[in-house]
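So this block is model.cif, mmCIF, C-alpha atoms:
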data_query
#
loop_
_atom_site.label_atom_id
_atom_site.label_comp_id
_atom_site.auth_asym_id
_atom_site.auth_seq_id
_atom_site.Cartn_x
_atom_site.Cartn_y
_atom_site.Cartn_z
CA MET K 1 22.37 6.82 -17.06
CA ARG K 2 19.39 4.92 -15.96
CA ASN K 3 18.60 2.08 -18.33
CA ILE K 4 15.00 1.50 -19.25
CA PHE K 5 13.88 -1.06 -21.73
CA ILE K 6 11.32 -1.14 -24.49
CA ASN K 7 8.61 -3.74 -24.55
CA ARG K 8 5.64 -3.98 -26.81
CA MET K 9 2.41 -5.89 -26.64
CA LYS K 10 -0.52 -6.12 -28.96
CA LEU K 11 -3.84 -7.88 -28.64
CA GLY K 12 -6.20 -8.44 -31.49
CA LEU K 13 -6.97 -10.73 -34.33
CA THR K 14 -4.26 -9.23 -36.50
CA ILE K 15 -0.56 -9.20 -35.77
CA ALA K 16 1.07 -5.80 -35.66
CA SER K 17 3.02 -5.17 -38.81
CA VAL K 18 4.72 -1.91 -38.01
CA ALA K 19 8.33 -1.83 -36.99
CA VAL K 20 9.70 1.66 -36.93
CA ALA K 21 13.43 1.91 -37.15
CA ALA K 22 15.18 4.04 -34.61
CA VAL K 23 16.76 7.20 -35.85
CA MET K 24 20.25 7.85 -34.62
CA ALA K 25 20.84 11.35 -33.35
CA ALA K 26 24.18 13.14 -33.04
CA SER K 27 27.19 11.04 -32.19
CA SER K 28 27.11 12.15 -28.58
CA ALA K 29 23.49 11.18 -28.13
CA PRO K 30 22.30 7.82 -26.81
CA ALA K 31 21.18 5.14 -29.23
CA TYR K 32 17.64 3.85 -29.35
CA ALA K 33 16.66 0.24 -29.74
CA ASP K 34 14.66 -0.86 -32.70
CA LEU K 35 11.32 -2.33 -31.88
CA GLY K 36 9.41 -5.07 -33.48
CA GLY K 37 7.23 -7.95 -32.66
CA GLY K 38 3.60 -8.36 -31.95
CA GLY K 39 1.12 -10.71 -30.47
CA THR K 40 -2.24 -12.18 -31.03
CA SER K 41 -5.24 -12.66 -28.91
CA ASN K 42 -7.69 -15.44 -29.17
CA ASN K 43 -10.70 -15.31 -26.96
CA GLY K 44 -12.38 -18.51 -25.94
CA PRO K 45 -15.87 -19.66 -26.70
CA LEU K 46 -17.39 -18.75 -23.36
CA GLY K 47 -19.33 -15.74 -24.55
CA SER K 48 -19.30 -12.24 -23.24
CA ALA K 49 -15.74 -11.12 -22.77
CA VAL K 50 -13.52 -8.36 -24.01
CA SER K 51 -9.76 -8.22 -24.16
CA ALA K 52 -7.55 -5.27 -24.89
CA ALA K 53 -3.90 -4.40 -24.88
CA GLY K 54 -1.50 -1.68 -25.84
CA THR K 55 1.36 -1.63 -28.27
CA TRP K 56 4.03 0.94 -28.90
CA ASN K 57 6.93 1.87 -31.09
CA THR K 58 9.66 4.38 -30.53
CA TYR K 59 11.60 6.45 -32.98
CA GLY K 60 14.39 8.63 -31.75
CA VAL K 61 14.44 12.31 -32.50
CA GLY K 62 17.18 14.30 -30.88
CA GLY K 63 19.46 13.27 -28.06
CA THR K 64 17.28 13.96 -25.04
CA SER K 65 13.89 12.71 -26.08
CA VAL K 66 12.16 9.70 -27.52
CA ASP K 67 9.05 9.76 -29.66
CA ILE K 68 6.53 7.16 -28.64
CA ALA K 69 3.75 5.88 -30.87
CA TYR K 70 1.24 3.82 -28.92
CA GLN K 71 -1.92 1.98 -29.81
CA CYS K 72 -4.68 0.18 -27.94
CA ASP K 73 -6.73 -2.61 -29.43
CA ALA K 74 -9.92 -4.08 -28.02
CA GLN K 75 -11.38 -7.36 -29.12
CA ALA K 76 -14.64 -8.84 -27.90
CA ALA K 77 -15.51 -12.52 -27.87
CA GLY K 78 -19.03 -13.65 -28.43
CA PRO K 79 -21.90 -11.83 -30.13
CA ALA K 80 -20.84 -8.31 -29.26
CA LEU K 81 -23.17 -5.50 -30.23
CA SER K 82 -20.44 -2.93 -29.81
CA THR K 83 -16.86 -2.70 -28.62
CA GLY K 84 -15.00 0.37 -27.55
CA ILE K 85 -12.01 2.11 -26.12
CA SER K 86 -13.24 4.14 -23.19
CA ASP K 87 -13.64 7.92 -23.33
CA GLU K 88 -12.05 8.11 -19.89
CA ASP K 89 -8.33 7.41 -20.23
CA GLY K 90 -9.15 4.59 -22.60
CA CYS K 91 -5.78 4.57 -24.34
CA VAL K 92 -3.00 6.44 -22.60
CA PHE K 93 0.74 6.66 -22.26
CA VAL K 94 1.69 6.80 -18.60
CA LEU K 95 4.92 8.27 -17.28
CA ASN K 96 5.66 7.74 -13.60
CA GLY K 97 1.99 7.00 -12.98
CA VAL K 98 0.75 10.15 -14.65
CA VAL K 99 -1.11 10.13 -17.94
CA VAL K 100 0.96 12.28 -20.26
CA SER K 101 -0.76 11.42 -23.51
CA ARG K 102 -4.22 10.14 -24.23
CA THR K 103 -6.42 9.39 -27.18
CA SER K 104 -10.12 9.97 -27.40
CA GLY K 105 -12.47 7.05 -26.95
CA LEU K 106 -14.03 5.11 -29.77
CA GLY K 107 -17.03 2.80 -29.71
CA LEU K 108 -17.80 0.77 -32.80
CA PRO K 109 -20.49 -1.73 -33.70
CA GLY K 110 -19.18 -5.24 -33.67
CA ASN K 111 -16.24 -6.92 -32.04
CA ALA K 112 -13.29 -4.58 -32.34
CA SER K 113 -12.04 -1.10 -31.70
CA ALA K 114 -8.68 0.60 -31.60
CA MET K 115 -7.12 3.97 -30.94
CA ALA K 116 -3.58 5.32 -31.25
CA GLY K 117 -1.54 8.31 -30.13
CA THR K 118 1.95 9.73 -29.97
CA TYR K 119 4.07 11.36 -27.29
CA ARG K 120 7.51 12.90 -27.18
CA MET K 121 9.14 11.90 -23.93
CA SER K 122 12.22 13.28 -22.24
CA ILE K 123 14.63 10.57 -21.26
CA TYR K 124 15.35 12.21 -17.92
CA ASN K 125 13.59 11.50 -14.62
CA VAL K 126 11.90 8.46 -16.05
CA GLN K 127 10.99 5.88 -13.41
CA SER K 128 8.27 3.94 -15.15
CA THR K 129 6.57 4.01 -18.51
CA LYS K 130 3.46 2.14 -19.52
CA VAL K 131 0.71 1.95 -22.03
CA CYS K 132 -2.64 1.59 -20.28
CA TRP K 133 -6.05 0.92 -21.68
CA ARG K 134 -9.72 0.62 -20.77
CA ALA K 135 -12.09 -1.21 -23.04
CA TRP K 136 -15.68 -2.29 -22.98
CA ALA K 137 -18.08 -4.42 -24.96
CA THR K 138 -21.84 -4.84 -24.94
CA PHE K 139 -23.55 -8.05 -25.88
CA ALA K 140 -26.88 -9.21 -27.19
CA THR K 141 -27.61 -10.65 -23.76
CA GLY K 142 -27.55 -7.14 -22.34
CA ALA K 143 -24.25 -7.74 -20.58
CA LEU K 144 -21.61 -5.04 -20.39
CA ARG K 145 -18.06 -6.25 -19.92
CA GLU K 146 -15.16 -3.98 -19.07
CA THR K 147 -11.47 -4.50 -18.74
CA SER K 148 -8.47 -2.30 -18.12
CA GLY K 149 -4.79 -2.93 -17.98
CA CYS K 150 -1.26 -1.75 -18.38
CA SER K 151 1.96 -3.14 -19.70
CA ASN K 152 5.41 -1.77 -19.20
CA VAL K 153 7.36 0.04 -21.85
CA ASN K 154 11.07 -0.60 -21.61
CA ILE K 155 13.31 1.68 -23.62
CA ASN K 156 16.82 0.42 -24.17
CA ILE K 157 19.06 3.41 -24.40
CA MET F 1 -11.46 -14.66 6.86
CA THR F 2 -11.11 -13.00 10.22
CA LYS F 3 -12.87 -9.85 11.14
CA PRO F 4 -10.30 -7.06 11.12
CA GLN F 5 -9.37 -5.48 14.37
CA PHE F 6 -10.23 -1.85 14.59
CA ARG F 7 -9.54 1.00 16.88
CA VAL F 8 -11.88 3.91 17.20
CA GLY F 9 -10.70 7.02 18.89
CA LEU F 10 -12.69 8.00 21.92
CA ILE F 11 -11.67 11.62 21.69
CA GLY F 12 -14.66 13.89 21.52
CA PHE F 13 -14.88 16.18 18.58
CA LEU F 14 -16.47 19.52 17.89
CA VAL F 15 -19.01 19.72 15.16
CA ALA F 16 -18.90 22.82 13.01
CA ALA F 17 -21.91 24.46 11.43
CA MET F 18 -23.89 22.24 9.09
CA LEU F 19 -23.75 23.32 5.49
CA ALA F 20 -26.60 22.28 3.27
CA ALA F 21 -25.64 21.49 -0.31
CA PRO F 22 -28.09 22.35 -3.06
CA SER F 23 -29.04 18.71 -3.31
CA ALA F 24 -30.03 18.81 0.36
CA VAL F 25 -27.26 16.41 1.40
CA SER F 26 -25.67 17.90 4.47
CA ILE F 27 -22.05 17.30 5.26
CA ALA F 28 -20.72 18.05 8.70
CA HIS F 29 -17.46 19.93 8.68
CA ALA F 30 -15.57 18.64 11.67
CA ALA F 31 -13.22 21.03 13.31
CA GLY F 32 -10.47 18.37 13.24
CA CYS F 33 -9.55 15.10 11.65
CA THR F 34 -10.41 12.81 14.50
CA PRO F 35 -11.99 9.61 13.21
CA GLY F 36 -14.99 9.42 15.51
CA ALA F 37 -17.65 7.18 14.04
CA GLU F 38 -18.08 6.26 10.41
CA PRO F 39 -18.03 7.88 8.00
CA PHE F 40 -14.52 8.83 9.06
CA PRO F 41 -13.21 12.15 7.75
CA LEU F 42 -10.75 11.98 4.91
CA CYS F 43 -7.95 14.39 5.67
CA GLY F 44 -4.99 15.75 3.76
CA THR F 45 -3.03 12.69 4.78
CA THR F 46 -4.77 9.49 5.73
CA THR F 47 -2.76 6.52 6.89
CA ILE F 48 -4.29 3.07 6.89
CA THR F 49 -2.42 0.35 8.71
CA GLY F 50 -3.10 -3.28 9.41
CA SER F 51 -2.45 -6.84 8.39
CA SER F 52 -6.04 -7.73 7.58
CA SER F 53 -7.98 -6.55 4.59
CA GLY F 54 -11.16 -4.63 5.09
CA SER F 55 -13.30 -1.65 4.25
CA MET F 56 -14.33 1.56 5.93
CA ARG F 57 -16.71 4.38 5.13
CA VAL F 58 -15.19 7.81 4.85
CA GLN F 59 -16.30 11.31 4.00
CA LEU F 60 -14.72 14.17 2.13
CA ALA F 61 -15.89 17.48 3.48
CA ASP F 62 -14.59 19.38 0.46
CA PRO F 63 -13.60 18.51 -3.09
CA ALA F 64 -10.10 17.12 -3.25
CA LEU F 65 -7.38 16.22 -5.70
CA LEU F 66 -5.54 12.91 -5.76
CA TRP F 67 -2.24 12.95 -7.63
CA ALA F 68 -1.70 9.87 -9.76
CA TYR F 69 2.10 10.10 -9.61
CA ASP F 70 3.25 6.70 -8.36
CA GLY F 71 6.67 7.74 -7.09
CA PRO F 72 7.57 9.08 -3.65
CA GLY F 73 5.19 11.81 -2.66
CA GLY F 74 2.42 10.58 -4.92
CA GLY F 75 -1.21 10.39 -3.94
CA VAL F 76 -1.15 6.73 -2.91
CA GLN F 77 1.90 5.14 -1.35
CA PHE F 78 2.35 1.56 -0.19
CA SER F 79 4.71 -0.14 2.18
CA GLY F 80 4.69 -3.74 3.37
CA GLY F 81 1.69 -5.84 2.57
CA GLY F 82 3.19 -9.07 1.28
CA ARG F 83 2.73 -10.21 -2.30
CA LEU F 84 0.01 -7.67 -3.04
CA VAL F 85 -1.29 -4.55 -1.40
CA ALA F 86 -4.13 -2.51 -2.82
CA LEU F 87 -6.38 0.44 -2.10
CA VAL F 88 -9.77 0.82 -3.74
CA ILE F 89 -11.74 4.05 -3.44
CA GLU F 90 -15.41 3.65 -4.33
CA SER F 91 -17.85 6.51 -4.54
CA ALA F 92 -20.80 5.83 -2.24
CA ALA F 93 -23.02 8.11 -4.34
CA ASP F 94 -22.15 6.23 -7.52
CA THR F 95 -20.64 2.82 -6.92
CA SER F 96 -19.72 2.55 -10.59
CA LYS F 97 -16.94 5.06 -9.93
CA VAL F 98 -13.87 3.30 -8.60
CA LEU F 99 -10.20 4.14 -8.22
CA PHE F 100 -7.90 1.11 -7.99
CA PHE F 101 -4.31 1.33 -6.76
CA SER F 102 -2.09 -1.70 -6.22
CA ARG F 103 1.47 -2.87 -5.92
CA THR F 104 3.09 -6.29 -5.97
CA ASN F 105 6.16 -7.03 -3.88
CA ALA F 106 9.67 -7.47 -5.22
CA ALA F 107 9.22 -11.21 -5.64
CA PHE F 108 6.38 -10.54 -8.08
CA GLY F 109 8.05 -7.72 -9.89
CA ALA F 110 7.41 -4.73 -7.59
CA VAL F 111 4.83 -3.60 -10.09
CA ARG F 112 2.58 -0.67 -9.49
CA PHE F 113 -0.80 -1.03 -11.25
CA ASP F 114 -3.31 1.79 -10.95
CA THR F 115 -6.50 2.15 -12.91
CA ALA F 116 -9.94 3.69 -12.57
CA ARG F 117 -13.52 3.38 -13.65
CA GLY F 118 -15.59 6.52 -13.96
CA TYR F 119 -12.59 8.73 -13.29
CA SER F 120 -9.89 10.11 -15.52
CA GLN F 121 -6.80 12.14 -14.78
CA ASP F 122 -6.71 15.82 -15.62
CA ALA F 123 -3.89 17.31 -17.63
CA ASN F 124 -1.68 17.49 -14.54
CA GLY F 125 -2.24 13.91 -13.47
CA TYR F 126 -4.86 14.57 -10.79
CA TYR F 127 -8.06 12.71 -10.11
CA HIS F 128 -10.84 14.99 -8.91
CA LEU F 129 -12.86 13.69 -5.98
CA ALA F 130 -16.14 15.40 -5.18
CA ALA F 131 -17.14 16.12 -1.61
CA GLY F 132 -19.20 13.29 -0.22
CA ASN F 133 -19.02 9.76 1.03
CA TYR F 134 -16.69 7.02 -0.15
CA ILE F 135 -15.81 3.48 0.77
CA LEU F 136 -12.15 2.62 1.13
CA TYR F 137 -11.03 -0.97 0.71
CA ALA F 138 -7.55 -1.80 1.98
CA ILE F 139 -6.23 -5.12 0.71
CA THR F 140 -3.18 -6.82 2.17
CA ASP F 141 -1.76 -10.27 1.87
CA GLY F 142 -1.91 -11.14 5.55
CA THR F 143 1.20 -9.09 6.17
CA SER F 144 1.25 -5.74 7.87
CA ALA F 145 0.88 -2.92 5.37
CA THR F 146 0.73 0.84 5.45
CA ILE F 147 -1.22 2.74 2.85
CA THR F 148 -0.82 6.50 2.76
CA LEU F 149 -3.45 8.51 0.92
CA THR F 150 -2.57 12.15 0.30
CA LEU F 151 -5.21 14.54 -0.96
CA GLY F 152 -4.86 18.09 -2.14
CA GLY F 153 -7.41 20.63 -1.01
CA VAL F 154 -7.95 18.95 2.35
CA THR F 155 -6.03 19.61 5.54
CA GLY F 156 -5.04 17.59 8.57
CA SER F 157 -4.04 14.00 9.01
CA ASN F 158 -5.47 10.91 10.61
CA SER F 159 -4.98 7.19 10.88
CA LEU F 160 -7.70 4.71 10.06
CA SER F 161 -8.18 0.97 10.29
CA PRO F 162 -10.55 -1.25 8.31
CA GLN F 163 -13.91 -1.85 9.96
CA ARG F 164 -15.40 -4.72 7.98
CA ALA F 165 -13.98 -7.72 6.23
CA VAL F 166 -14.05 -7.61 2.43
CA PRO F 167 -14.40 -10.82 0.41
CA HIS F 168 -11.24 -11.36 -1.53
CA VAL F 169 -8.66 -13.94 -2.52
CA ILE F 170 -5.00 -13.35 -3.38
CA ASP F 171 -3.66 -16.41 -5.17
CA PRO F 172 -0.10 -16.87 -6.49
CA VAL F 173 -1.42 -18.91 -9.38
CA VAL F 174 2.04 -19.37 -10.87
CA ASP F 175 4.80 -18.81 -8.37
CA HIS F 176 8.18 -18.41 -10.07
CA ALA F 177 7.79 -21.40 -12.34
CA ALA F 178 11.01 -22.19 -14.18
CA LEU F 179 11.07 -21.54 -17.90
CA GLY F 180 12.82 -23.61 -20.49
CA GLY F 181 15.09 -26.49 -19.63
CA ASN F 182 13.27 -29.78 -19.99
CA THR F 183 9.88 -28.16 -20.52
CA LEU F 184 8.87 -25.79 -23.24
CA SER F 185 6.35 -23.86 -21.20
CA ALA F 186 5.24 -22.94 -17.71
CA GLN F 187 1.60 -22.33 -16.98
CA GLY F 188 -1.08 -22.33 -14.34
CA ALA F 189 -4.65 -21.34 -13.67
CA ASN F 190 -6.79 -21.29 -10.56
CA ALA F 191 -10.46 -20.52 -10.07
CA HIS F 192 -12.28 -18.82 -7.25
CA ALA F 193 -15.82 -17.70 -6.75
CA VAL F 194 -17.04 -14.17 -6.23
CA ALA F 195 -20.39 -14.00 -4.50
CA ALA F 196 -21.74 -10.62 -5.57
CA SER F 197 -22.07 -8.56 -8.68
CA ASN F 198 -19.71 -5.70 -7.82
CA SER F 199 -16.64 -7.88 -8.17
CA PHE F 200 -13.30 -7.31 -9.85
CA LEU F 201 -10.63 -9.68 -11.10
CA ALA F 202 -7.01 -8.53 -11.24
CA ARG F 203 -4.05 -10.48 -12.55
CA TYR F 204 -0.39 -9.62 -12.56
CA LEU F 205 2.01 -11.42 -14.88
CA HIS F 206 5.73 -11.06 -14.41
CA VAL F 207 8.60 -12.74 -16.23
CA ASP F 208 12.19 -12.54 -15.04
CA GLN F 209 14.96 -13.84 -17.21
CA PRO F 210 18.66 -13.39 -17.74
CA SER F 211 19.82 -11.39 -20.69
CA GLN F 212 20.14 -13.18 -24.01
CA LEU F 213 16.93 -15.12 -23.43
CA ALA F 214 13.66 -14.61 -25.19
CA SER F 215 10.21 -15.70 -24.16
CA THR F 216 6.57 -15.06 -24.86
CA ALA F 217 3.80 -15.03 -22.28
CA ALA F 218 0.11 -14.43 -21.85
CA VAL F 219 -2.19 -13.73 -18.94
CA CYS F 220 -5.68 -15.11 -19.14
CA LEU F 221 -9.17 -15.07 -17.69
CA TRP F 222 -11.72 -17.88 -17.73
CA ASP F 223 -15.43 -17.46 -17.22
CA GLY F 224 -15.87 -20.48 -15.03
CA THR F 225 -13.38 -23.08 -13.94
CA PRO F 226 -10.40 -23.49 -16.28
CA PRO F 227 -10.03 -26.93 -17.82
CA PRO F 228 -7.28 -29.15 -16.44
CA GLU F 229 -5.25 -28.50 -19.57
CA ALA F 230 -4.81 -24.88 -18.51
CA SER F 231 -2.37 -26.10 -15.87
CA THR F 232 -0.42 -28.40 -18.19
CA GLN F 233 -0.49 -26.74 -21.59
CA PRO F 234 0.28 -23.24 -22.83
CA LEU F 235 -2.06 -20.95 -24.75
CA CYS F 236 -4.69 -20.87 -21.99
CA PRO F 237 -7.11 -23.44 -23.43
CA GLY F 238 -10.72 -22.42 -22.93
CA ALA F 239 -9.91 -18.87 -21.81
CA SER F 240 -12.36 -16.01 -22.33
CA GLU F 241 -9.60 -13.43 -22.42
CA ARG F 242 -5.99 -13.88 -23.37
CA THR F 243 -3.57 -10.98 -23.44
CA GLN F 244 -0.32 -12.04 -25.02
CA THR F 245 3.10 -10.43 -25.00
CA PRO F 246 5.38 -10.42 -27.99
CA PRO F 247 8.70 -12.23 -28.05
CA THR F 248 11.03 -10.20 -25.94
CA PHE F 249 14.32 -8.79 -26.99
CA THR F 250 17.53 -10.39 -25.86
CA SER F 251 18.33 -7.42 -23.63
CA GLN F 252 15.05 -7.67 -21.79
CA PRO F 253 15.57 -8.84 -18.20
CA SER F 254 11.94 -8.63 -17.19
CA TYR F 255 8.52 -7.63 -18.37
CA HIS F 256 5.08 -7.49 -16.90
CA VAL F 257 1.45 -6.91 -17.70
CA GLU F 258 -1.43 -6.25 -15.34
CA LEU F 259 -5.14 -6.42 -16.00
CA LEU F 260 -8.32 -5.62 -14.13
CA THR F 261 -11.65 -6.94 -15.35
CA GLY F 262 -14.90 -5.85 -13.85
CA PRO F 263 -17.32 -5.35 -12.47
CA VAL F 264 -18.35 -8.96 -13.06
CA PRO F 265 -21.43 -10.75 -11.81
CA ALA F 266 -21.28 -13.40 -9.14
CA GLY F 267 -19.75 -16.62 -10.33
CA VAL F 268 -16.59 -18.64 -10.65
CA TYR F 269 -13.69 -17.17 -12.59
CA GLY F 270 -10.28 -18.53 -13.42
CA GLN F 271 -7.13 -16.46 -13.74
CA GLY F 272 -3.71 -17.57 -14.83
CA GLY F 273 -1.23 -17.53 -17.65
CA TYR F 274 1.67 -19.16 -19.37
CA ALA F 275 5.10 -18.46 -20.79
CA THR F 276 7.25 -20.28 -23.29
CA SER F 277 10.99 -20.09 -23.65
CA ALA F 278 13.49 -22.12 -25.61
CA SER F 279 16.19 -21.64 -23.01
CA SER F 280 16.26 -22.06 -19.28
CA GLY F 281 17.01 -19.50 -16.62
CA GLY F 282 13.82 -17.48 -16.51
CA THR F 283 10.77 -17.63 -14.28
CA LEU F 284 7.08 -16.94 -14.73
CA SER F 285 4.82 -15.58 -12.02
CA VAL F 286 1.12 -14.87 -12.18
CA LEU F 287 -0.65 -13.38 -9.19
CA GLY F 288 -4.43 -13.18 -9.09
CA LEU F 289 -6.85 -11.12 -7.02
CA TRP F 290 -10.55 -11.87 -6.76
CA LEU F 291 -12.28 -8.97 -4.98
CA THR F 292 -15.88 -8.04 -4.18
CA LEU F 293 -16.76 -4.50 -3.23
CA THR F 294 -19.42 -4.95 -0.62
CA GLY F 295 -19.90 -1.32 0.33
#

Can you give me the file's structure in the form of structure tokens?
Amino acid sequence: MRNIFINRMKLGLTIASVAVAAVMAASSAPAYADLGGGGTSNNGPLGSAVSAAGTWNTYGVGGTSVDIAYQCDAQAAGPALSTGISDEDGCVFVLNGVVVSRTSGLGLPGNASAMAGTYRMSIYNVQSTKVCWRAWATFATGALRETSGCSNVNINI
Amino acid sequence: MTKPQFRVGLIGFLVAAMLAAPSAVSIAHAAGCTPGAEPFPLCGTTTITGSSSGSMRVQLADPALLWAYDGPGGGVQFSGGGRLVALVIESAADTSKVLFFSRTNAAFGAVRFDTARGYSQDANGYYHLAAGNYILYAITDGTSATITLTLGGVTGSNSLSPQRAVPHVIDPVVDHAALGGNTLSAQGANAHAVAASNSFLARYLHVDQPSQLASTAAVCLWDGTPPPEASTQPLCPGASERTQTPPTFTSQPSYHVELLTGPVPAGVYGQGGYATSASSGGTLSVLGLWLTLTG
């Protein structure tokens, strides 16, 4: 069975506090790794910039699928007027390059925004899994800053 | 940066009837897929080869679909190209709409990073491209590369080569720096200038480590030149953006994160990152791309 590993990354001023325990399925089913951990982001003092990243948890349901909970957090540095997760594939779960789950976008006044979603994924024919995001921020200077990215999701089965 | 070599077919082509779109922009429907003069026709399969980076103007005669699947048979496939190979598709009618496809080589994690601005995938994983003109940017690392672009809704095949140089820098900012051992962290940051406003900054972080090790890493962007400490201390001092990974699990042999920021105005930007590990045996790599879409 192809081994794929779970990884998780979070960006924002707060550290992720959720750690969902894996649920063991029938004795003949593969085991799922617990997830945990988090990260912080600290933008520098150079003004208009926005950072974003995705995080995810898994919780096993059944022997042939994995439930993924993913989240994208955007954080702007400097005097941001608004910060957002893009309406266009702003927070998505990507399987083999294809977006299989997406959230809607969300723009908020101020320096932060976040969106989250879930996806039930078959464990078969999995070549790559990622959480990808697109974020933006507008600033009092009139500047618009955008960033996008992906990080791998490794599921240890 | 050398001007890319190009080959233009001298085969004459037949021009089909002109069709006038409601917006009065006429698009010639060539009877074949022979390149001719720019804008070259985009066909069902377009192969771009070369060892120099560059751009070319192309035209879609009909709306097309580009499948985002990044495995064999997907819409964009890469081979060769050194540390980094990339294809950027920019709409000529609206230069804010960009599709970005890239892949690092095995030494930098063999990571495929695709993203877009102004486009989103449909429910089946397709990007929808309207008929019209586009600019293709093929980026290689000085090594021969082949980029295959497959479009649904368009027939034929052709081979194209870049026509104009595109300003860009590929910099292995951190090249397999050893983690742990006598030093707690590995880090690096380099700065380059982009001369025009339609510029993009991409960075690829990759950590390899044996099992039973744990590390944490971050990839960072500086508006301006990074301070000297960015090359000697972790935590990306002075960075505008820092995207940090969590501590990995002991069964984690590798992890990676890729980011694209832009468009950014002309200026100097630093890219880099760091990783910390209490044990030795792992390596950190950070590859940066500074790219200007010149049209």

Mind checking which residues fall within 8 Å of Phe113 of chain F, counting all atoms listed in the file, ignoring those fewer than 3 positions away in the same chain, and posting them as an NGL selection string? (:K and (150)) or (:F and (101-103 or 258))

Once the PyMOL selection byres ((chain F) within 6 of (chain K)) has been applied to the shown file, what residues remain in the selection, as a ChimeraX atom specification? /F:68-70,120,125,238-246,257-262

Picked residues, the PyMOL selection byres ((chain K and resi 116) around 8), expected as a list in words: Ala69, Tyr70, Gln71, Cys72, Cys91, Thr103, Ala114, Met115, Gly117 and Thr118 of chain K

Please produce an output containing C-alpha atoms for each residue in the selection, written as a PDB file, in the frame of the given file.
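Saved the output as part.pdb:
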ATOM      1  CA  ALA K  69       3.750   5.880 -30.870  1.00  0.00           C
ATOM      2  CA  TYR K  70       1.240   3.820 -28.920  1.00  0.00           C
ATOM      3  CA  GLN K  71      -1.920   1.980 -29.810  1.00  0.00           C
ATOM      4  CA  CYS K  72      -4.680   0.180 -27.940  1.00  0.00           C
ATOM      5  CA  CYS K  91      -5.780   4.570 -24.340  1.00  0.00           C
ATOM      6  CA  THR K 103      -6.420   9.390 -27.180  1.00  0.00           C
ATOM      7  CA  ALA K 114      -8.680   0.600 -31.600  1.00  0.00           C
ATOM      8  CA  MET K 115      -7.120   3.970 -30.940  1.00  0.00           C
ATOM      9  CA  GLY K 117      -1.540   8.310 -30.130  1.00  0.00           C
ATOM     10  CA  THR K 118       1.950   9.730 -29.970  1.00  0.00           C
TER      11      THR K 118
END

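Computed from the coordinates, the atom CA of Leu287 of chain F to atom CA of Tyr126 of chain F distance equals 28.3 Å.
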
Selected by the PyMOL selection byres ((chain F and resi 133) around 8) in the shown coordinates: which residues, as a ChimeraX atom specification? /F:39,57-60,91-93,131-132,134-135
